[in-house]
Amino acid sequence: AACLLVALSLFLLPSPARSETIGAPVVARGVVDTATGSVFVLNSGFTSAGVLDSWSFYNASQAQLGYSVTPLLLDVVAGNYIIEGIGTTQVNASDGVQTFAFDLVSGSAVVGPGALFAWLDGTVANPTQSGTIPFDYVGSPVAGTQQWFPGENLGSLFPGTNLGAGTVLGAGVGQPDRDYSIQATADPIPEPASMALTGLGGLTLLAYGWRRTRL
């Protein structure tokens, strides 16, 4: 009976939610932004609930070694881009792909449908650095457009900061569209039903084991 109950609880578990990754492939690209202290936003955001876990980018230039990048989590409200969370600033320390934990500093790392990943060139305290993340000009972006917020228009950045509407890169600046070598990954939030059924299965196994030791 105990084995039947365990099997039933496992059968009733919904399919596990999967991590979601947004952004273009993290590969070598040939162009880097020259504007300083800018915020760039991936306009194709997350589609399901989760927690922003990690992000990756590709460094293709020795000239950008030692540069800093600060990850951000944004939402759009009535056409305005609002900072929801600020992650830990990371230093571009090597060639090729680099992956970092979001490592929340302030605000929230929880994402929902439509939440957007962004990055600041430099640090929140000193956003005066030029670009680090390489990109290519493309005819059609594989991961959607990007929104640009020039550094000279930014004040202090903190959760709740309204960056305004920004500018769409590509047609908005009279250039082709872009693919940046950067991605972000959110892990799913366990559903209460899944947690309850998993707990039921575990308790049943414990009870069954305890009963056998008593026989």
# chains A, B, ... in the order shown; residues from 1 in each chain; ligands from 1
$ select_by_dssp --residues "chain A" --states "alpha helix (DSSP H)" --output "JSON, numbers by chain"
{"A": [2, 3, 4, 5, 6, 7, 8, 9, 10, 11, 12, 192, 193, 194, 195, 196, 197, 198, 199, 200, 201, 202, 203, 204, 205, 206, 207, 208, 209, 210, 211, 212, 213, 214]}
$ closest_atom_pairs --of "stretch 71-117 of chain A" --to "stretch 147-160 of chain A" --cutoff "12 Å" --atoms "only C-alpha atoms" --output "CSV"
residue,atom,partner,partner_atom,distance
A:Pro71,CA,A:Leu157,CA,12.0
A:Leu72,CA,A:Pro159,CA,9.5
A:Leu73,CA,A:Pro159,CA,9.1
A:Leu74,CA,A:Pro159,CA,9.0
A:Asp75,CA,A:Gly160,CA,9.8
A:Val76,CA,A:Gln147,CA,11.3
A:Val77,CA,A:Gly160,CA,11.2
A:Gly79,CA,A:Gln147,CA,11.6
A:Asn80,CA,A:Gln147,CA,11.0
A:Tyr81,CA,A:Gln147,CA,9.3
A:Ile82,CA,A:Gly160,CA,5.9
A:Ile83,CA,A:Pro159,CA,5.1
A:Glu84,CA,A:Pro159,CA,4.9
A:Gly85,CA,A:Pro159,CA,5.6
A:Ile86,CA,A:Pro159,CA,7.1
A:Gly87,CA,A:Pro159,CA,10.8
A:Leu104,CA,A:Pro159,CA,11.3
A:Val105,CA,A:Pro159,CA,10.1
A:Ser106,CA,A:Pro159,CA,6.8
A:Gly107,CA,A:Pro159,CA,5.3
A:Ser108,CA,A:Pro159,CA,8.1
A:Ala109,CA,A:Pro159,CA,10.9
A:Leu116,CA,A:Gln147,CA,10.4
A:Phe117,CA,A:Gln147,CA,10.7
$ residues_around --residues "A:Gly50" --least-positions-apart "3" --cutoff "8 Å" --atoms "only C-alpha atoms" --output "PDB file with all heavy atoms, in the first residue's frame"
ATOM      1  N   VAL A 110      13.053  38.247  -8.773  1.00  0.00           N
ATOM      2  CA  VAL A 110      11.906  37.474  -9.238  1.00  0.00           C
ATOM      3  C   VAL A 110      11.441  38.016 -10.586  1.00  0.00           C
ATOM      4  O   VAL A 110      11.261  39.225 -10.756  1.00  0.00           O
ATOM      5  CB  VAL A 110      10.757  37.534  -8.220  1.00  0.00           C
ATOM      6  CG1 VAL A 110       9.517  36.824  -8.760  1.00  0.00           C
ATOM      7  CG2 VAL A 110      11.188  36.915  -6.899  1.00  0.00           C
ATOM      8  N   VAL A 111      11.264  37.119 -11.542  1.00  0.00           N
ATOM      9  CA  VAL A 111      10.804  37.521 -12.869  1.00  0.00           C
ATOM     10  C   VAL A 111       9.396  36.981 -13.099  1.00  0.00           C
ATOM     11  O   VAL A 111       8.989  35.976 -12.526  1.00  0.00           O
ATOM     12  CB  VAL A 111      11.733  37.021 -13.993  1.00  0.00           C
ATOM     13  CG1 VAL A 111      13.168  37.414 -13.720  1.00  0.00           C
ATOM     14  CG2 VAL A 111      11.642  35.510 -14.171  1.00  0.00           C
ATOM     15  N   GLY A 112       8.666  37.676 -13.939  1.00  0.00           N
ATOM     16  CA  GLY A 112       7.366  37.226 -14.397  1.00  0.00           C
ATOM     17  C   GLY A 112       7.309  37.406 -15.894  1.00  0.00           C
ATOM     18  O   GLY A 112       8.269  37.906 -16.506  1.00  0.00           O
ATOM     19  N   ALA A 186      16.699  32.335 -16.060  1.00  0.00           N
ATOM     20  CA  ALA A 186      15.872  32.326 -14.851  1.00  0.00           C
ATOM     21  C   ALA A 186      15.496  30.892 -14.526  1.00  0.00           C
ATOM     22  O   ALA A 186      15.154  30.107 -15.419  1.00  0.00           O
ATOM     23  CB  ALA A 186      14.620  33.173 -15.045  1.00  0.00           C
ATOM     24  N   ASP A 187      15.566  30.546 -13.255  1.00  0.00           N
ATOM     25  CA  ASP A 187      15.144  29.228 -12.799  1.00  0.00           C
ATOM     26  C   ASP A 187      13.685  29.285 -12.366  1.00  0.00           C
ATOM     27  O   ASP A 187      13.219  30.308 -11.842  1.00  0.00           O
ATOM     28  CB  ASP A 187      16.006  28.766 -11.627  1.00  0.00           C
ATOM     29  CG  ASP A 187      17.404  28.375 -12.073  1.00  0.00           C
ATOM     30  OD1 ASP A 187      17.594  28.100 -13.276  1.00  0.00           O
ATOM     31  OD2 ASP A 187      18.318  28.361 -11.227  1.00  0.00           O
ATOM     32  N   PRO A 188      12.941  28.191 -12.567  1.00  0.00           N
ATOM     33  CA  PRO A 188      11.511  28.193 -12.216  1.00  0.00           C
ATOM     34  C   PRO A 188      11.297  28.218 -10.710  1.00  0.00           C
ATOM     35  O   PRO A 188      12.153  27.807  -9.928  1.00  0.00           O
ATOM     36  CB  PRO A 188      11.010  26.880 -12.821  1.00  0.00           C
ATOM     37  CG  PRO A 188      12.219  25.994 -12.848  1.00  0.00           C
ATOM     38  CD  PRO A 188      13.383  26.907 -13.128  1.00  0.00           C
ATOM     39  N   ILE A 189      10.144  28.724 -10.314  1.00  0.00           N
ATOM     40  CA  ILE A 189       9.722  28.685  -8.919  1.00  0.00           C
ATOM     41  C   ILE A 189       8.862  27.448  -8.727  1.00  0.00           C
ATOM     42  O   ILE A 189       7.878  27.269  -9.456  1.00  0.00           O
ATOM     43  CB  ILE A 189       8.914  29.945  -8.555  1.00  0.00           C
ATOM     44  CG1 ILE A 189       9.769  31.197  -8.745  1.00  0.00           C
ATOM     45  CG2 ILE A 189       8.401  29.864  -7.119  1.00  0.00           C
ATOM     46  CD1 ILE A 189       9.000  32.488  -8.542  1.00  0.00           C
TER      47      ILE A 189
END
$ closest_residue --among "A:Gly96, A:Pro25, A:Gly131, A:Gly114" --to "A:Ser181" --atoms "only C-alpha atoms"
A:Pro25
$ closest_residue --among "A:Gly66, A:Gly30, A:Pro113, A:Pro134" --to "A:Ser94" --atoms "only C-alpha atoms"
A:Gly66
$ atom_distance --atom1 "atom CA of A:Gln64" --atom2 "atom CA of A:Val51"
29.2 Å
$ select_by_dssp --residues "stretch 15-97 of chain A" --states "strand (DSSP E)" --output "PyMOL selection string"
chain A and resi 20-23+31-32+39-42+50-59+68-77+80-86+90-91+96-97
$ atom_distance --atom1 "atom CA of A:Ser44" --atom2 "atom CA of A:Gly166"
15.2 Å
$ atom_distance --atom1 "atom CA of A:Thr88" --atom2 "atom CA of A:Gln129"
16.4 Å
$ residues_around --residues "stretch 170-180 of chain A" --least-positions-apart "2" --cutoff "8 Å" --atoms "only C-alpha atoms" --output "VMD selection string"
chain A and resid 23 to 24 26 29 133 to 143 145 to 146 167 to 168 182
$ write_last_selection --atoms "C-alpha atoms" --output "short mmCIF file (atom, residue, chain, number, x, y, z; two decimals), in the first residue's frame"
data_model
loop_
_atom_site.label_atom_id
_atom_site.label_comp_id
_atom_site.auth_asym_id
_atom_site.auth_seq_id
_atom_site.Cartn_x
_atom_site.Cartn_y
_atom_site.Cartn_z
CA GLY A 23 19.22 36.58 -25.51
CA ALA A 24 21.18 35.90 -28.67
CA VAL A 26 26.94 33.97 -26.83
CA ARG A 29 31.09 39.33 -32.50
CA ILE A 133 29.39 43.36 -24.65
CA PRO A 134 30.15 42.76 -28.36
CA PHE A 135 27.45 42.83 -31.01
CA ASP A 136 26.91 42.39 -34.74
CA TYR A 137 24.74 44.42 -37.07
CA VAL A 138 22.11 42.07 -38.49
CA GLY A 139 19.19 42.16 -40.89
CA SER A 140 16.87 40.48 -38.38
CA PRO A 141 17.77 40.03 -34.68
CA VAL A 142 17.44 36.47 -33.41
CA ALA A 143 16.41 37.56 -29.90
CA THR A 145 15.48 44.40 -30.32
CA GLN A 146 17.28 46.30 -27.57
CA THR A 167 15.51 54.52 -27.75
CA VAL A 168 15.12 51.35 -29.78
CA ILE A 182 24.70 38.20 -23.88
#
$ closest_residue --among "A:Ser38, A:Ser54, A:Ser19, A:Thr123" --to "A:Ser68" --atoms "only C-alpha atoms"
A:Thr123
$ residues_around --residues "A:Ala78" --least-positions-apart "4" --cutoff "12 Å" --atoms "only C-alpha atoms" --output "compact mmCIF listing (two decimals) with N, CA and C atoms, in the first residue's frame"
# COMPACT_ATOMS: atom_id res chain seq x y z
N ILE A 82 11.38 50.38 -15.81
CA ILE A 82 11.58 50.55 -14.37
C ILE A 82 12.57 49.50 -13.87
N ASN A 162 12.88 55.05 -12.64
CA ASN A 162 12.20 55.10 -13.93
C ASN A 162 13.17 55.65 -14.96
N GLY A 164 12.57 55.94 -18.10
CA GLY A 164 11.87 56.55 -19.21
C GLY A 164 11.65 55.56 -20.34
N ALA A 165 11.42 56.08 -21.53
CA ALA A 165 11.10 55.22 -22.68
C ALA A 165 12.33 54.74 -23.43
$ decode --residues "stretch 166-193 of chain A" --atoms "N, CA, C and O atoms" --output "tab-separated table (two decimals), in the first residue's frame"
chain	number	residue	atom	x	y	z
A	166	GLY	N	13.43	55.49	-23.38
A	166	GLY	CA	14.64	55.08	-24.10
A	166	GLY	C	14.48	55.13	-25.60
A	166	GLY	O	13.50	55.66	-26.14
A	167	THR	N	15.47	54.55	-26.28
A	167	THR	CA	15.51	54.52	-27.75
A	167	THR	C	15.72	53.10	-28.23
A	167	THR	O	16.59	52.39	-27.71
A	168	VAL	N	14.93	52.68	-29.20
A	168	VAL	CA	15.12	51.35	-29.78
A	168	VAL	C	16.34	51.37	-30.69
A	168	VAL	O	16.42	52.19	-31.61
A	169	LEU	N	17.29	50.50	-30.42
A	169	LEU	CA	18.46	50.41	-31.29
A	169	LEU	C	18.04	49.82	-32.64
A	169	LEU	O	17.11	49.04	-32.74
A	170	GLY	N	18.77	50.21	-33.65
A	170	GLY	CA	18.39	49.82	-35.01
A	170	GLY	C	17.75	51.02	-35.68
A	170	GLY	O	18.37	52.07	-35.83
A	171	ALA	N	16.49	50.88	-36.03
A	171	ALA	CA	15.78	51.97	-36.71
A	171	ALA	C	15.77	53.24	-35.87
A	171	ALA	O	15.81	54.35	-36.41
A	172	GLY	N	15.75	53.11	-34.55
A	172	GLY	CA	15.68	54.27	-33.67
A	172	GLY	C	16.91	55.15	-33.72
A	172	GLY	O	16.87	56.32	-33.33
A	173	VAL	N	18.02	54.59	-34.16
A	173	VAL	CA	19.27	55.38	-34.27
A	173	VAL	C	19.79	55.38	-35.71
A	173	VAL	O	20.95	55.72	-35.94
A	174	GLY	N	18.93	54.99	-36.66
A	174	GLY	CA	19.32	55.03	-38.06
A	174	GLY	C	20.37	54.01	-38.44
A	174	GLY	O	21.20	54.25	-39.33
A	175	GLN	N	20.34	52.84	-37.79
A	175	GLN	CA	21.30	51.77	-38.05
A	175	GLN	C	20.56	50.45	-38.23
A	175	GLN	O	19.38	50.34	-37.90
A	176	PRO	N	21.28	49.42	-38.72
A	176	PRO	CA	20.67	48.08	-38.75
A	176	PRO	C	20.41	47.57	-37.33
A	176	PRO	O	20.93	48.11	-36.34
A	177	ASP	N	19.62	46.52	-37.23
A	177	ASP	CA	19.39	45.89	-35.93
A	177	ASP	C	20.67	45.22	-35.43
A	177	ASP	O	21.66	45.09	-36.17
A	178	ARG	N	20.61	44.80	-34.16
A	178	ARG	CA	21.81	44.23	-33.52
A	178	ARG	C	21.49	42.91	-32.83
A	178	ARG	O	20.37	42.70	-32.35
A	179	ASP	N	22.50	42.05	-32.73
A	179	ASP	CA	22.51	40.90	-31.83
A	179	ASP	C	23.69	41.06	-30.90
A	179	ASP	O	24.85	41.15	-31.35
A	180	TYR	N	23.42	41.12	-29.61
A	180	TYR	CA	24.49	41.21	-28.59
A	180	TYR	C	24.81	39.81	-28.07
A	180	TYR	O	23.93	38.97	-27.92
A	181	SER	N	26.08	39.58	-27.75
A	181	SER	CA	26.51	38.30	-27.20
A	181	SER	C	26.30	38.28	-25.69
A	181	SER	O	27.25	38.33	-24.89
A	182	ILE	N	25.03	38.23	-25.30
A	182	ILE	CA	24.70	38.20	-23.88
A	182	ILE	C	23.40	37.43	-23.69
A	182	ILE	O	22.49	37.52	-24.52
A	183	GLN	N	23.33	36.63	-22.63
A	183	GLN	CA	22.14	35.87	-22.31
A	183	GLN	C	21.90	35.92	-20.80
A	183	GLN	O	22.82	36.17	-20.02
A	184	ALA	N	20.65	35.66	-20.41
A	184	ALA	CA	20.29	35.58	-19.00
A	184	ALA	C	19.38	34.38	-18.80
A	184	ALA	O	18.57	34.05	-19.66
A	185	THR	N	19.51	33.73	-17.64
A	185	THR	CA	18.74	32.53	-17.34
A	185	THR	C	17.99	32.68	-16.03
A	185	THR	O	18.56	33.10	-15.02
A	186	ALA	N	16.70	32.34	-16.06
A	186	ALA	CA	15.87	32.33	-14.85
A	186	ALA	C	15.50	30.89	-14.53
A	186	ALA	O	15.15	30.11	-15.42
A	187	ASP	N	15.57	30.55	-13.26
A	187	ASP	CA	15.14	29.23	-12.80
A	187	ASP	C	13.68	29.29	-12.37
A	187	ASP	O	13.22	30.31	-11.84
A	188	PRO	N	12.94	28.19	-12.57
A	188	PRO	CA	11.51	28.19	-12.22
A	188	PRO	C	11.30	28.22	-10.71
A	188	PRO	O	12.15	27.81	-9.93
A	189	ILE	N	10.14	28.72	-10.31
A	189	ILE	CA	9.72	28.68	-8.92
A	189	ILE	C	8.86	27.45	-8.73
A	189	ILE	O	7.88	27.27	-9.46
A	190	PRO	N	9.20	26.56	-7.78
A	190	PRO	CA	8.40	25.34	-7.60
A	190	PRO	C	6.95	25.68	-7.28
A	190	PRO	O	6.66	26.58	-6.50
A	191	GLU	N	6.02	24.95	-7.91
A	191	GLU	CA	4.60	25.15	-7.64
A	191	GLU	C	4.24	24.52	-6.30
A	191	GLU	O	4.77	23.47	-5.93
A	192	PRO	N	3.34	25.16	-5.55
A	192	PRO	CA	2.95	24.61	-4.23
A	192	PRO	C	2.45	23.17	-4.33
A	192	PRO	O	2.75	22.35	-3.46
A	193	ALA	N	1.71	22.84	-5.39
A	193	ALA	CA	1.19	21.48	-5.53
A	193	ALA	C	2.33	20.47	-5.68
A	193	ALA	O	2.30	19.38	-5.11
